[in-house]
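Student: Next up is a structure, given as structure tokens.
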Amino acid sequence: MLKNVFCLLFIAAIPVAGRAQALEARPLSSEAASPIPDTSKRCRAVIRGERHVTYRLPPSSEPPGEGISFATNWSELRWGGWYGQQAVDDCRIRVDGFQTWHGKAAVRIEVQPNDDPLALHANSERAEMFSMQDSGGTEIREGSASGLQYYATSYYFPTTWEGQQLPWSAFAPADCSADDGNACNSWAFVWQFYGWGGLVAAQRVIGGPQRYMFNQIEFSDGGLLRLGKWTDFVFRVDWRKGAFAIWRRDEGERQFRLALEGTSPVPPGRRVYVKQGLYRGGRVGERTDVLWIGPTVRGATFSAVERQAFGTNDGRLDGRD
């Protein structure tokens, strides 16, 4: 087993080949929206050991907006329109009536100890949707042919959020290397460009502040999570160069501000795909983590994904594209 968390991002979530399941879309049961989301443990505990991976879920039948190649539709589809799901049961990823600050349907993510839908037995716990797909059900993989793409999404982390991305030194006196790192696994990825990098929402020292980090790079604005508030994100990725930029807008703000830009070369020949939910290390004690995610979109321009995901057209403070 590899001995560092960044490598685990790329190997721990590989879907196992097998006959895919095509499932019917079914309407969601509606619950009354609440201004205070329920962060308590709502799902039953499971016994670790069985695989729970579903492929070829139904795409959204709702035509996307102009310039949009993928958009979730949590109001009508149980799985939002994603191609697949990795979760021990449907309770872990579900709509509960809580909405974004723009009045859009949000999906609730819950991960408990031993939530190991890939049966990796490697302290790798998750509840994630994976792979965007087009309206015909073809999986979208990213590579140099993808050119320039924009992605938009939003997150709500409650005031009880305790994500961790800790170094091995935080687990002293445990001998992390002697246990192949399993005794010290600690990370909290909420967005993955699987095979290239991802977005972390976690503290890096015990008792420290909760911060965002992307591709192991700190945000230029400090990256502090606004706990108990929504934060909107727009990602821009040039898949030909691995160049990226991230804009964020916290609840109550009008325009997006640039939070990070940089370059991370895309490994040659790798077909990257998006995963979203929570993928965490297993060294979390008995903690259950809960967060909410708003609409998720892929498109050709900043303005297109902003309109589709948030229903706004306010753009960026820096005026850049």
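We label chains A, B, ... in the order they appear in the structure tokens, count residues from 1 in each chain, and number ligands from 1 in the order shown.
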Quick one: residues within 10 Å of Gly299 (chain A), only C-alpha atoms counted, chain neighbours fewer than 3 positions away excluded, as a list in words?
Tutor: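 Within the cut-off, the hits are Pro64, Gly65, Glu66, Gly67, Ile68, Ser69, Phe70, Ala71, Leu148, Gln149, Tyr150, Tyr151, Ala152, Arg236, Phe302, Ser303, Ala304, Val305, Glu306 and Gln308 of chain A.
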Student: Using DSSP secondary structure from the backbone, list all strand (DSSP E) positions within region 150-273 of chain A, as a PyMOL selection string.
Tutor: chain A and resi 150-156+188-194+197-202+211-214+217-218+230-238+243-250+257-263+273
Student: With distances taken over only C-alpha atoms, which of A:Asp175, A:Asp116, A:Asp250, A:Glu128 is nearest to Thr100 (chain A)?
Tutor: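 Residue with the minimum atom-to-atom distance to Thr100 (chain A): A:Asp250.
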Student: Using only C-alpha atoms, determine which residues lie at most 9 Å from Met213 (chain A), disregarding the query and same-chain residues fewer than 2 positions distant; provide the list as a PDB file with C-alpha atoms, in the first residue's frame.
Tutor:
```
ATOM      1  CA  GLY A 198      -8.969  17.369  -5.745  1.00  0.00           C
ATOM      2  CA  LEU A 199     -10.474  19.810  -3.269  1.00  0.00           C
ATOM      3  CA  VAL A 200      -9.920  19.268   0.459  1.00  0.00           C
ATOM      4  CA  ALA A 201     -12.048  20.793   3.230  1.00  0.00           C
ATOM      5  CA  ALA A 202     -10.245  20.073   6.493  1.00  0.00           C
ATOM      6  CA  ARG A 211      -9.486  25.344   5.274  1.00  0.00           C
ATOM      7  CA  ASN A 215      -4.081  19.865  -5.563  1.00  0.00           C
ATOM      8  CA  GLN A 216      -2.034  20.234  -2.371  1.00  0.00           C
ATOM      9  CA  ILE A 217      -1.919  24.030  -2.871  1.00  0.00           C
ATOM     10  CA  GLU A 218      -3.163  26.537  -0.293  1.00  0.00           C
ATOM     11  CA  PHE A 219      -5.772  29.093  -1.369  1.00  0.00           C
ATOM     12  CA  GLY A 223      -9.090  29.168   2.228  1.00  0.00           C
TER      13      GLY A 223
END
```
Student: For region 44-49 of chain A, please output as a PDB file with all heavy atoms, in the first residue's frame all residues within 7 Å (counting only C-alpha atoms; exclusion window: fewer than 4 positions along the same chain).
Tutor:
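Done, and the output landed in out12.pdb:
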```
ATOM      1  N   ASN A 114     -16.603   2.890   8.942  1.00  0.00           N
ATOM      2  CA  ASN A 114     -16.749   1.625   8.208  1.00  0.00           C
ATOM      3  C   ASN A 114     -17.575   1.757   6.933  1.00  0.00           C
ATOM      4  O   ASN A 114     -17.950   0.740   6.350  1.00  0.00           O
ATOM      5  CB  ASN A 114     -17.349   0.521   9.089  1.00  0.00           C
ATOM      6  CG  ASN A 114     -16.487   0.197  10.280  1.00  0.00           C
ATOM      7  OD1 ASN A 114     -15.262   0.123  10.165  1.00  0.00           O
ATOM      8  ND2 ASN A 114     -17.110   0.018  11.437  1.00  0.00           N
ATOM      9  N   ASP A 115     -17.864   2.974   6.484  1.00  0.00           N
ATOM     10  CA  ASP A 115     -18.544   3.149   5.198  1.00  0.00           C
ATOM     11  C   ASP A 115     -17.514   2.951   4.079  1.00  0.00           C
ATOM     12  O   ASP A 115     -16.874   3.904   3.618  1.00  0.00           O
ATOM     13  CB  ASP A 115     -19.176   4.538   5.105  1.00  0.00           C
ATOM     14  CG  ASP A 115     -20.491   4.631   5.862  1.00  0.00           C
ATOM     15  OD1 ASP A 115     -20.901   3.630   6.469  1.00  0.00           O
ATOM     16  OD2 ASP A 115     -21.113   5.718   5.840  1.00  0.00           O
ATOM     17  N   ASP A 116     -17.370   1.718   3.659  1.00  0.00           N
ATOM     18  CA  ASP A 116     -16.324   1.307   2.723  1.00  0.00           C
ATOM     19  C   ASP A 116     -16.959   0.638   1.512  1.00  0.00           C
ATOM     20  O   ASP A 116     -16.869  -0.575   1.329  1.00  0.00           O
ATOM     21  CB  ASP A 116     -15.374   0.336   3.442  1.00  0.00           C
ATOM     22  CG  ASP A 116     -14.206  -0.106   2.591  1.00  0.00           C
ATOM     23  OD1 ASP A 116     -13.897   0.575   1.600  1.00  0.00           O
ATOM     24  OD2 ASP A 116     -13.610  -1.147   2.918  1.00  0.00           O
ATOM     25  N   ALA A 119     -15.054  -1.834  -0.564  1.00  0.00           N
ATOM     26  CA  ALA A 119     -14.508  -2.992   0.158  1.00  0.00           C
ATOM     27  C   ALA A 119     -12.989  -3.049   0.037  1.00  0.00           C
ATOM     28  O   ALA A 119     -12.398  -4.102  -0.195  1.00  0.00           O
ATOM     29  CB  ALA A 119     -15.137  -4.289  -0.351  1.00  0.00           C
TER      30      ALA A 119
END
```
Student: Could you list, as number ranges by chain, every residue within 7 Å of Leu227 (chain A), counting only C-alpha atoms and ignoring same-chain residues fewer than 4 positions away?
Tutor: A: 157-159
Student: Go ahead and save the residues from that selection, with N, CA, C and O atoms, as a compact mmCIF listing (two decimals), in the first residue's frame.
Tutor:
```txt
# COMPACT_ATOMS: atom_id res chain seq x y z
N PHE A 157 -20.94 23.40 4.77
CA PHE A 157 -20.38 22.64 5.87
C PHE A 157 -20.95 23.19 7.17
O PHE A 157 -20.81 24.39 7.46
N PRO A 158 -21.62 22.35 7.95
CA PRO A 158 -22.24 22.84 9.19
C PRO A 158 -21.20 23.26 10.20
O PRO A 158 -20.00 22.97 10.07
N THR A 159 -21.65 23.94 11.24
CA THR A 159 -20.72 24.41 12.28
C THR A 159 -20.07 23.25 13.02
O THR A 159 -19.07 23.43 13.71
```
Student: Rank A:Gln85, A:Ser61, A:Ser154, A:Thr138 by their smallest atom-to-atom distance to Ala106 (chain A), using only C-alpha atoms, and report the top residue only.
Tutor: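 When distances to Ala106 (chain A) are compared using only C-alpha atoms, the smallest one comes from A:Ser154.
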Student: Among region 137-309 of chain A, which ones does DSSP assign to helix (DSSP H, G or I) (computed from the backbone)? Answer as number ranges by chain.
Tutor: A: 144-146, 168-171, 177-179, 182-184, 302-309
Student: Between A:Asp232, A:Leu77, A:Gly282, A:Phe193, which residue has the minimum interatomic distance to Phe244 (chain A), considering only C-alpha atoms?
Tutor: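 The closest residue to Phe244 (chain A) is A:Phe193.
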Student: Here is a test: counting only C-alpha atoms, which residue of A:Leu291, A:Leu118, A:Val234, A:Ala259 is nearest to Glu162 (chain A)?
Tutor: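 Selected residue with least distance to Glu162 (chain A): A:Leu291.
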Student: Have a look at A:Pro267, A:Gly137, A:Gly147, A:Pro58 and name the one nearest to Arg78 (chain A); count only C-alpha atoms.
Tutor: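 Among the listed residues, A:Pro58 lies closest to Arg78 (chain A).
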Student: I need the residue nearest Asp179 (chain A) from this list: A:Ala243, A:Val88, A:Ala127, A:Ala122. Use only C-alpha atoms for the distance.
Tutor: A:Ala122
Student: In Å to one decimal, how far is CA of Val237 (chain A) from CA of Trp191 (chain A)?
Tutor: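 If I compute the distance from CA of Trp191 (chain A) to CA of Val237 (chain A), I get 14.0 Å.
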